[in-house]
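Here's input04.csv, which has CSV, C-alpha atoms (C1' of nucleotides):
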chain,number,residue,atom,x,y,z
A,1,MET,CA,100.7,115.5,214.5
A,2,ASN,CA,102.3,113.1,212.1
A,3,ILE,CA,100.5,111.6,209.1
A,4,GLY,CA,99.1,108.6,211.0
A,5,GLU,CA,97.6,110.8,213.6
A,6,ALA,CA,96.2,113.2,211.0
A,7,ALA,CA,94.8,110.2,209.2
A,8,LYS,CA,93.0,109.0,212.3
A,9,ALA,CA,91.8,112.5,213.1
A,10,SER,CA,90.5,113.2,209.6
A,11,GLY,CA,89.3,109.8,208.5
A,12,VAL,CA,91.5,110.0,205.4
A,13,ASN,CA,94.0,107.2,204.9
A,14,ALA,CA,97.7,108.2,205.2
A,15,LYS,CA,98.4,106.9,201.7
A,16,LEU,CA,95.6,109.0,200.4
A,17,ILE,CA,96.9,112.1,202.2
A,18,ARG,CA,100.2,111.7,200.5
A,19,TYR,CA,98.4,111.3,197.2
A,20,TYR,CA,96.3,114.4,197.8
A,21,GLU,CA,99.5,116.3,198.5
A,22,SER,CA,101.2,115.0,195.4
A,23,ILE,CA,98.5,116.2,193.1
A,24,GLY,CA,98.3,119.6,194.8
A,25,LEU,CA,94.8,119.2,196.3
A,26,ILE,CA,96.1,120.0,199.7
A,27,PRO,CA,99.1,122.2,200.6
A,28,GLU,CA,102.5,120.5,201.2
A,29,ALA,CA,102.8,119.6,204.8
A,30,GLY,CA,105.6,120.8,207.1
A,31,ARG,CA,108.4,118.4,207.9
A,32,THR,CA,110.3,117.4,211.0
A,33,ALA,CA,114.1,117.4,210.9
A,34,SER,CA,114.1,113.8,209.9
A,35,GLY,CA,111.5,114.3,207.1
A,36,TYR,CA,108.3,113.2,208.7
A,37,ARG,CA,105.2,115.2,207.6
A,38,VAL,CA,103.7,117.3,210.3
A,39,TYR,CA,100.0,118.4,210.4
A,40,THR,CA,98.1,121.2,212.2
A,41,ALA,CA,94.5,121.1,213.2
A,42,GLN,CA,93.7,123.4,210.3
A,43,GLU,CA,95.2,120.9,207.8
A,44,VAL,CA,93.2,118.2,209.4
A,45,ASN,CA,90.1,120.4,208.8
A,46,ILE,CA,91.0,120.6,205.1
A,47,LEU,CA,91.3,116.8,205.0
A,48,ARG,CA,87.9,116.4,206.5
A,49,PHE,CA,86.5,118.9,204.0
A,50,VAL,CA,87.9,116.9,201.2
A,51,LYS,CA,86.6,113.7,202.6
A,52,ARG,CA,83.1,115.0,203.0
A,53,ALA,CA,83.1,116.5,199.5
A,54,ARG,CA,84.3,113.1,198.0
A,55,SER,CA,81.5,111.4,199.9
A,56,LEU,CA,79.1,113.7,198.1
A,57,GLY,CA,80.6,112.5,194.8
A,58,PHE,CA,82.6,115.7,193.9
A,59,SER,CA,85.5,115.1,191.6
A,60,ILE,CA,89.0,116.0,192.8
A,61,GLU,CA,89.0,118.9,190.3
A,62,ARG,CA,85.8,120.3,191.7
A,63,ILE,CA,87.0,119.9,195.2
A,64,GLN,CA,90.1,121.9,194.3
A,65,MET,CA,87.7,124.8,193.4
A,66,LEU,CA,85.7,124.3,196.5
A,67,VAL,CA,88.7,124.3,198.8
A,68,GLY,CA,89.9,127.5,197.1
A,69,LEU,CA,86.5,129.1,197.7
A,70,TRP,CA,86.4,127.8,201.2
A,71,ARG,CA,89.8,129.3,202.0
A,72,ASP,CA,88.9,132.6,200.4
A,73,LYS,CA,87.2,134.6,203.1
A,74,HIS,CA,85.6,136.9,200.5
A,75,ARG,CA,84.2,134.1,198.5
A,76,ALA,CA,80.7,134.6,197.0
A,77,SER,CA,78.2,131.8,197.6
A,78,ALA,CA,77.0,132.1,194.0
A,79,GLU,CA,80.0,130.2,192.7
A,80,VAL,CA,79.7,127.5,195.3
A,81,LYS,CA,76.1,127.0,194.5
A,82,ARG,CA,76.9,126.9,190.8
A,83,ILE,CA,79.4,124.1,191.3
A,84,ALA,CA,76.9,122.2,193.5
A,85,LEU,CA,74.1,122.5,191.0
A,86,ALA,CA,76.3,121.4,188.2
A,87,HIS,CA,77.2,118.4,190.3
A,88,ILE,CA,73.6,117.6,191.1
A,89,ASP,CA,72.8,117.6,187.3
A,90,GLU,CA,75.6,115.1,186.7
A,91,LEU,CA,74.5,112.9,189.5
A,92,GLU,CA,70.9,113.0,188.2
A,93,ALA,CA,72.1,112.1,184.7
A,94,LYS,CA,74.1,109.2,186.0
A,95,ILE,CA,71.1,108.0,188.1
A,96,ALA,CA,68.8,108.2,185.0
A,97,GLU,CA,71.3,106.2,183.0
A,98,LEU,CA,71.7,103.5,185.6
A,99,GLN,CA,67.9,103.5,186.2
A,100,ALA,CA,67.3,102.8,182.5
A,101,MET,CA,69.8,99.9,182.5
A,102,ALA,CA,68.1,98.4,185.6
A,103,ASP,CA,64.7,98.8,184.2
A,104,THR,CA,65.6,97.0,181.0
A,105,LEU,CA,67.3,94.2,182.8
A,106,ARG,CA,64.4,93.8,185.2
A,107,GLU,CA,62.1,93.4,182.3
A,108,LEU,CA,64.3,90.8,180.7
A,109,ALA,CA,64.9,88.9,183.9
A,110,ALA,CA,61.1,88.8,184.6
A,111,THR,CA,60.6,86.9,181.3
A,112,CYS,CA,63.5,84.5,181.9
A,113,HIS,CA,62.5,81.1,183.3
A,114,GLY,CA,65.7,80.9,185.3
A,115,ASP,CA,65.7,77.1,185.1
A,116,ASP,CA,67.6,74.4,183.2
A,117,ARG,CA,66.1,75.2,179.9
A,118,PRO,CA,68.5,76.7,177.4
A,119,ASP,CA,66.0,79.3,176.1
A,120,CYS,CA,67.0,82.6,177.6
A,121,PRO,CA,65.4,85.9,176.7
A,122,ILE,CA,68.3,87.8,178.3
A,123,LEU,CA,70.8,86.3,175.9
A,124,LYS,CA,68.3,86.8,173.1
A,125,ASP,CA,68.2,90.5,173.8
A,126,LEU,CA,71.9,90.7,174.0
A,127,GLU,CA,72.1,89.1,170.6
A,128,SER,CA,69.7,91.5,169.0
A,129,PRO,CA,68.0,94.0,171.2
A,130,GLY,CA,64.2,93.7,171.0
A,131,CYS,CA,61.4,96.1,170.8
A,132,CYS,CA,61.1,97.4,174.3
A,133,GLN,CA,64.6,98.7,175.0
A,134,GLU,CA,65.4,102.4,175.5
A,135,VAL,CA,69.0,102.0,176.4
A,136,ALA,CA,71.0,102.5,173.3
B,1,MET,CA,85.8,92.2,156.4
B,2,ASN,CA,88.7,94.2,157.9
B,3,ILE,CA,88.6,95.9,161.3
B,4,GLY,CA,87.2,99.2,160.0
B,5,GLU,CA,84.3,97.4,158.4
B,6,ALA,CA,83.7,95.3,161.4
B,7,ALA,CA,83.7,98.4,163.5
B,8,LYS,CA,81.1,100.0,161.3
B,9,ALA,CA,79.0,96.9,161.2
B,10,SER,CA,79.1,96.3,165.0
B,11,GLY,CA,79.2,99.9,166.3
B,12,VAL,CA,82.4,99.1,168.2
B,13,ASN,CA,85.3,101.3,167.6
B,14,ALA,CA,88.3,99.6,165.8
B,15,LYS,CA,90.6,100.6,168.7
B,16,LEU,CA,88.2,99.0,171.1
B,17,ILE,CA,88.0,95.8,169.1
B,18,ARG,CA,91.8,95.4,169.3
B,19,TYR,CA,91.6,96.1,173.0
B,20,TYR,CA,88.8,93.5,173.5
B,21,GLU,CA,91.0,91.0,171.6
B,22,SER,CA,94.0,91.9,173.7
B,23,ILE,CA,92.3,91.1,177.0
B,24,GLY,CA,90.8,87.9,175.7
B,25,LEU,CA,87.2,89.1,175.7
B,26,ILE,CA,86.8,88.1,172.0
B,27,PRO,CA,88.6,85.4,170.1
B,28,GLU,CA,91.7,86.4,168.1
B,29,ALA,CA,90.7,87.5,164.7
B,30,GLY,CA,92.1,85.8,161.5
B,31,ARG,CA,94.7,87.6,159.5
B,32,THR,CA,95.4,88.3,155.9
B,33,ALA,CA,98.9,87.5,154.5
B,34,SER,CA,99.9,91.1,155.3
B,35,GLY,CA,98.7,91.0,158.8
B,36,TYR,CA,95.4,92.7,158.6
B,37,ARG,CA,92.7,91.4,160.9
B,38,VAL,CA,89.7,89.6,159.2
B,39,TYR,CA,86.2,89.4,160.7
B,40,THR,CA,83.3,87.1,159.9
B,41,ALA,CA,79.6,87.9,160.4
B,42,GLN,CA,79.6,85.7,163.5
B,43,GLU,CA,82.5,87.7,165.0
B,44,VAL,CA,80.6,90.9,164.3
B,45,ASN,CA,77.7,89.3,166.2
B,46,ILE,CA,79.9,88.8,169.2
B,47,LEU,CA,81.0,92.4,169.0
B,48,ARG,CA,77.3,93.6,168.9
B,49,PHE,CA,76.6,91.3,171.9
B,50,VAL,CA,79.4,92.9,173.9
B,51,LYS,CA,78.4,96.4,173.0
B,52,ARG,CA,74.8,95.7,174.1
B,53,ALA,CA,75.9,94.2,177.3
B,54,ARG,CA,78.3,97.1,178.0
B,55,SER,CA,75.4,99.5,177.4
B,56,LEU,CA,73.5,97.7,180.1
B,57,GLY,CA,76.4,98.3,182.4
B,58,PHE,CA,77.8,94.8,182.6
B,59,SER,CA,81.5,94.7,183.5
B,60,ILE,CA,83.9,93.1,181.1
B,61,GLU,CA,84.3,90.2,183.5
B,62,ARG,CA,80.6,89.5,183.6
B,63,ILE,CA,80.4,89.8,179.8
B,64,GLN,CA,83.1,87.1,179.5
B,65,MET,CA,80.8,84.8,181.4
B,66,LEU,CA,77.8,85.9,179.3
B,67,VAL,CA,79.6,85.4,176.1
B,68,GLY,CA,80.6,81.9,177.3
B,69,LEU,CA,77.1,81.0,178.1
B,70,TRP,CA,75.8,82.5,174.8
B,71,ARG,CA,78.3,80.4,172.8
B,72,ASP,CA,77.4,77.3,174.8
B,73,LYS,CA,74.3,75.7,173.1
B,74,HIS,CA,73.5,73.7,176.2
B,75,ARG,CA,73.6,76.6,178.5
B,76,ALA,CA,71.0,76.9,181.3
B,77,SER,CA,69.1,80.1,181.6
B,78,ALA,CA,69.4,79.9,185.4
B,79,GLU,CA,73.1,81.0,185.3
B,80,VAL,CA,72.3,83.9,183.0
B,81,LYS,CA,69.5,85.1,185.2
B,82,ARG,CA,71.7,84.8,188.2
B,83,ILE,CA,74.3,87.1,186.6
B,84,ALA,CA,71.6,89.5,185.5
B,85,LEU,CA,70.0,89.7,188.9
B,86,ALA,CA,73.3,90.3,190.6
B,87,HIS,CA,73.9,93.1,188.2
B,88,ILE,CA,70.5,94.6,188.9
B,89,ASP,CA,71.4,94.6,192.6
B,90,GLU,CA,74.6,96.4,191.9
B,91,LEU,CA,72.9,99.0,189.7
B,92,GLU,CA,70.3,99.6,192.4
B,93,ALA,CA,73.0,100.0,195.1
B,94,LYS,CA,74.8,102.5,193.0
B,95,ILE,CA,71.6,104.4,192.2
B,96,ALA,CA,70.7,104.6,195.9
B,97,GLU,CA,74.2,105.9,196.7
B,98,LEU,CA,74.0,108.6,194.0
B,99,GLN,CA,70.5,109.4,195.0
B,100,ALA,CA,71.6,110.0,198.6
B,101,MET,CA,74.3,112.3,197.4
B,102,ALA,CA,72.0,114.3,195.2
B,103,ASP,CA,69.3,114.6,197.9
B,104,THR,CA,71.9,116.0,200.4
B,105,LEU,CA,73.2,118.4,197.9
B,106,ARG,CA,69.7,119.5,196.8
B,107,GLU,CA,68.9,120.4,200.5
B,108,LEU,CA,72.1,122.3,200.9
B,109,ALA,CA,71.7,124.1,197.6
B,110,ALA,CA,68.1,125.1,198.5
B,111,THR,CA,69.3,126.9,201.6
B,112,CYS,CA,72.2,128.7,199.8
B,113,HIS,CA,71.5,132.3,198.8
B,114,GLY,CA,73.6,131.9,195.7
B,115,ASP,CA,74.4,135.6,195.6
B,116,ASP,CA,77.4,137.8,196.5
B,117,ARG,CA,77.2,137.2,200.2
B,118,PRO,CA,80.0,135.0,201.5
B,119,ASP,CA,77.8,133.0,203.9
B,120,CYS,CA,77.4,129.6,202.2
B,121,PRO,CA,75.6,126.7,203.9
B,122,ILE,CA,77.2,124.3,201.4
B,123,LEU,CA,80.7,125.2,202.5
B,124,LYS,CA,79.5,125.1,206.1
B,125,ASP,CA,78.4,121.6,205.6
B,126,LEU,CA,81.6,120.5,204.0
B,127,GLU,CA,83.5,122.0,206.9
B,128,SER,CA,81.4,120.1,209.4
B,129,PRO,CA,78.5,118.0,208.2
B,130,GLY,CA,75.3,119.1,209.8
B,131,CYS,CA,72.3,117.4,211.3
B,132,CYS,CA,70.4,116.3,208.2
B,133,GLN,CA,73.0,114.3,206.3
B,134,GLU,CA,72.7,110.6,205.7
B,135,VAL,CA,75.7,110.2,203.4
B,136,ALA,CA,78.6,109.1,205.5
C,1,DC,C1',104.8,106.6,141.6
C,2,DT,C1',102.6,109.2,144.8
C,3,DT,C1',99.0,110.3,147.8
C,4,DG,C1',95.9,109.5,151.4
C,5,DA,C1',93.3,106.4,153.9
C,6,DC,C1',93.6,102.5,156.0
C,7,DC,C1',96.1,99.0,159.0
C,8,DT,C1',99.8,97.3,162.5
C,9,DT,C1',102.2,97.5,167.2
C,10,DC,C1',103.5,99.7,171.4
C,11,DC,C1',103.4,103.1,174.9
C,12,DA,C1',101.2,106.5,177.7
C,13,DG,C1',97.5,108.8,179.8
C,14,DT,C1',92.9,109.1,182.0
C,15,DC,C1',90.5,109.0,187.5
C,16,DA,C1',91.0,108.1,192.3
C,17,DT,C1',92.9,105.3,194.6
C,18,DT,C1',95.4,101.0,196.6
C,19,DG,C1',99.3,97.8,197.1
C,20,DG,C1',104.0,96.6,197.7
C,21,DA,C1',109.1,97.0,198.1
C,22,DA,C1',113.1,99.0,200.2
C,23,DA,C1',115.0,102.0,203.2
C,24,DC,C1',114.8,105.1,207.1
C,25,DC,C1',113.1,106.9,211.9
C,26,DT,C1',111.3,106.5,216.7
C,27,DC,C1',110.4,104.7,220.9
C,28,DA,C1',110.2,101.2,224.5
C,29,DT,C1',112.2,97.4,226.3
C,30,DG,C1',116.1,94.3,227.7
D,1,DC,C1',123.6,100.5,223.9
D,2,DA,C1',121.4,97.1,221.0
D,3,DT,C1',117.2,95.2,219.4
D,4,DG,C1',112.7,94.9,217.5
D,5,DA,C1',108.1,96.6,216.4
D,6,DG,C1',105.8,99.8,214.2
D,7,DG,C1',105.8,104.1,212.4
D,8,DT,C1',107.4,106.8,208.1
D,9,DT,C1',109.7,108.0,203.5
D,10,DT,C1',110.0,107.4,198.3
D,11,DC,C1',109.0,105.2,194.1
D,12,DC,C1',106.8,102.1,191.0
D,13,DA,C1',102.9,99.3,189.5
D,14,DA,C1',98.2,97.9,189.2
D,15,DT,C1',93.1,98.6,189.0
D,16,DG,C1',88.7,99.2,184.7
D,17,DA,C1',87.7,100.4,180.5
D,18,DC,C1',89.0,102.7,177.5
D,19,DT,C1',91.4,106.7,174.4
D,20,DG,C1',95.2,109.0,172.2
D,21,DG,C1',99.4,109.3,169.7
D,22,DA,C1',103.7,107.9,167.3
D,23,DA,C1',106.1,105.3,164.0
D,24,DG,C1',105.7,102.3,160.4
D,25,DG,C1',103.5,98.9,156.9
D,26,DT,C1',99.6,98.2,153.2
D,27,DC,C1',96.3,99.1,149.7
D,28,DA,C1',93.7,101.3,146.0
D,29,DA,C1',93.0,105.3,143.1
D,30,DG,C1',94.8,108.7,140.1
Spit out the file's structure as structure tokens when you get a sec.
Amino acid sequence: MNIGEAAKASGVNAKLIRYYESIGLIPEAGRTASGYRVYTAQEVNILRFVKRARSLGFSIERIQMLVGLWRDKHRASAEVKRIALAHIDELEAKIAELQAMADTLRELAATCHGDDRPDCPILKDLESPGCCQEVA
Amino acid sequence: MNIGEAAKASGVNAKLIRYYESIGLIPEAGRTASGYRVYTAQEVNILRFVKRARSLGFSIERIQMLVGLWRDKHRASAEVKRIALAHIDELEAKIAELQAMADTLRELAATCHGDDRPDCPILKDLESPGCCQEVA
DNA sequence: CTTGACCTTCCAGTCATTGGAAACCTCATG
DNA sequence: CATGAGGTTTCCAATGACTGGAAGGTCAAG
């Protein structure tokens, strides 16, 4: 299996596979005599694992830890759960932050005529944030 | 007012002020004979405007447009509202995405013992995503 | 005159990719 | 056996929005 086939099988772009190898997230692939990378089914599994973890928003750094735990047959689930819970906390913090931004903007947009008149409460708020804003 | 004072007055880091100038987000500041940047109260206002807009999650590109509209006395509020609404849509899309990740992870974490046993449903899902996942 | 706090520029790094250039390999066809 | 298309290789650069540091110039107080 060369890199293009591994890409198709795993859903991870060939370019990205090389990148993951270069940063040490995945082990170095074997090579043919002429230098082409060669992949086994197990390596494709790792790529799928990485892809799934990225889709859940884990950072590369955390995925390194998860891959390590995954490859370790004697891993304890406690550590995995700890990483997952920490990640959930971060996701929730980010969600709350974006939610606060959206709430503020919705309020401002609601009071904006949205017509040809030059008087715009959105710009007014950007100039000097008013009374009802929680986003610092 | 030099850059340090402008930073204190606007809440925008001196380093960041120089960066904003370098990318053309704010106009080039005046200079003293010895080359120090000089800021007026109006320029500090722009910096505050930028800071507020960033805190609402607007991209630099969008802020460029907003600053343009803000400085234009004959601006129409329609354009500002359009930008704000587009931004709200993006925020909501991002929120939904993170929410889906967090929901999936919460489900997985709930079924994970989190003890010394090596059997971990979180890793199992990363290996091969199960039945209940919506995050692609 | 010296010290320390400021200011200047430029360059590099962050994170997770993506894009392109130039050169090499493989395979099927003519 | 040559040719061409479509792989693959490496390396370098860019994205967005900063942040950090190095090396050097300036200013005000002591």
Using only C-alpha atoms (C1' of nucleotides) - which residues lie no farther than 7 Å from the point (87.1, 97.9, 177.2) in the file's frame? Write them as an NGL selection string. (:B and (16 or 19-20 or 60)) or (:D and (17-18))
Between chain A and chain D, at 9 Å or less, what are the per-residue closest atom pairs and their distances in Å? Count all atoms listed in the file, order by chain and rising residue number, and return it as CSV.
residue,atom,partner,partner_atom,distance
A:Ile3,CA,D:DT8,C1',8.5
A:Gly4,CA,D:DG7,C1',8.2
A:Gly35,CA,D:DT9,C1',7.5
A:Tyr36,CA,D:DT8,C1',6.5
A:Arg37,CA,D:DT8,C1',8.7
Do me a favour and pick out the residues of chain A within 7 Å of chain B, using only C-alpha atoms, as an NGL selection string. :A and (49 or 52-53 or 55-57 or 70 or 74-78 or 81 or 84 or 88 or 91 or 95 or 98 or 101-102 or 105 or 109 or 112-120 or 123 or 126-127 or 135-136)
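Counting only C-alpha atoms (C1' of nucleotides), the residue from B:Ile26, B:Ala93, B:Ala14, B:Ala9 that sits nearest to chain C is B:Ala14.
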Exercise answer, chain C residues close to chain A, 10 Å and only C-alpha atoms (C1' of nucleotides), as a list in words: DC15, DA16, DT17, DT18, DC24 and DC25 of chain C
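Interatomic distance, atom CA of Thr32 of chain B to atom CA of Ile63 of chain B: 28.3 Å.
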Option closest in space to Tyr39 of chain B, from B:Arg18, B:Arg71, B:Met65, B:Glu107 [counting all atoms listed in the file]: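 Of the candidates, the smallest distance to Tyr39 of chain B is held by B:Arg18.
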What gap, in Å, lies between atom CA of Ala7 of chain B and atom C1' of DC10 of chain C?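 Computing it gives 21.4 Å between the two atoms.
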What does the distance between atom CA of Glu28 of chain A and atom CA of Gly11 of chain A come to in Å, to one decimal place?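 The value is 18.5 Å.
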For segment 96-116 of chain B, supply N, CA and C atoms and report the output as an mmCIF file, in the frame of the given file.
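File written: selection18.cif
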data_model
loop_
_atom_site.group_PDB
_atom_site.id
_atom_site.type_symbol
_atom_site.label_atom_id
_atom_site.label_comp_id
_atom_site.auth_asym_id
_atom_site.auth_seq_id
_atom_site.Cartn_x
_atom_site.Cartn_y
_atom_site.Cartn_z
ATOM 1 N N ALA B 96 71.100 104.112 194.557
ATOM 2 C CA ALA B 96 70.700 104.600 195.900
ATOM 3 C C ALA B 96 71.843 105.500 196.442
ATOM 4 N N GLU B 97 73.080 105.122 196.182
ATOM 5 C CA GLU B 97 74.200 105.900 196.700
ATOM 6 C C GLU B 97 74.209 107.305 196.016
ATOM 7 N N LEU B 98 74.048 107.340 194.701
ATOM 8 C CA LEU B 98 74.000 108.600 194.000
ATOM 9 C C LEU B 98 72.820 109.443 194.411
ATOM 10 N N GLN B 99 71.699 108.756 194.609
ATOM 11 C CA GLN B 99 70.500 109.400 195.000
ATOM 12 C C GLN B 99 70.674 110.129 196.361
ATOM 13 N N ALA B 100 71.327 109.431 197.284
ATOM 14 C CA ALA B 100 71.600 110.000 198.600
ATOM 15 C C ALA B 100 72.450 111.262 198.484
ATOM 16 N N MET B 101 73.468 111.166 197.623
ATOM 17 C CA MET B 101 74.300 112.300 197.400
ATOM 18 C C MET B 101 73.522 113.493 196.855
ATOM 19 N N ALA B 102 72.730 113.217 195.831
ATOM 20 C CA ALA B 102 72.000 114.300 195.200
ATOM 21 C C ALA B 102 70.963 114.884 196.158
ATOM 22 N N ASP B 103 70.326 114.053 196.967
ATOM 23 C CA ASP B 103 69.300 114.600 197.900
ATOM 24 C C ASP B 103 69.995 115.528 198.912
ATOM 25 N N THR B 104 71.137 115.102 199.459
ATOM 26 C CA THR B 104 71.900 116.000 200.400
ATOM 27 C C THR B 104 72.226 117.287 199.757
ATOM 28 N N LEU B 105 72.751 117.191 198.544
ATOM 29 C CA LEU B 105 73.200 118.400 197.900
ATOM 30 C C LEU B 105 72.024 119.319 197.526
ATOM 31 N N ARG B 106 70.913 118.724 197.160
ATOM 32 C CA ARG B 106 69.700 119.500 196.800
ATOM 33 C C ARG B 106 69.286 120.330 198.063
ATOM 34 N N GLU B 107 69.275 119.664 199.209
ATOM 35 C CA GLU B 107 68.900 120.400 200.500
ATOM 36 C C GLU B 107 69.834 121.521 200.729
ATOM 37 N N LEU B 108 71.126 121.240 200.586
ATOM 38 C CA LEU B 108 72.100 122.300 200.900
ATOM 39 C C LEU B 108 71.963 123.442 199.891
ATOM 40 N N ALA B 109 71.789 123.104 198.607
ATOM 41 C CA ALA B 109 71.700 124.100 197.600
ATOM 42 C C ALA B 109 70.441 124.991 197.810
ATOM 43 N N ALA B 110 69.390 124.353 198.310
ATOM 44 C CA ALA B 110 68.100 125.100 198.500
ATOM 45 C C ALA B 110 68.287 126.169 199.569
ATOM 46 N N THR B 111 69.181 125.927 200.539
ATOM 47 C CA THR B 111 69.300 126.900 201.600
ATOM 48 C C THR B 111 70.451 127.911 201.326
ATOM 49 N N CYS B 112 71.052 127.786 200.142
ATOM 50 C CA CYS B 112 72.200 128.700 199.800
ATOM 51 C C CYS B 112 71.627 129.858 198.986
ATOM 52 N N HIS B 113 71.946 131.099 199.451
ATOM 53 C CA HIS B 113 71.500 132.300 198.800
ATOM 54 C C HIS B 113 71.840 132.265 197.277
ATOM 55 N N GLY B 114 73.080 131.882 197.039
ATOM 56 C CA GLY B 114 73.600 131.900 195.700
ATOM 57 C C GLY B 114 73.758 133.337 195.165
ATOM 58 N N ASP B 115 74.156 134.216 196.056
ATOM 59 C CA ASP B 115 74.400 135.600 195.600
ATOM 60 C C ASP B 115 75.833 135.989 196.021
ATOM 61 N N ASP B 116 76.066 137.284 196.203
ATOM 62 C CA ASP B 116 77.400 137.800 196.500
ATOM 63 C C ASP B 116 77.826 137.595 197.935
#
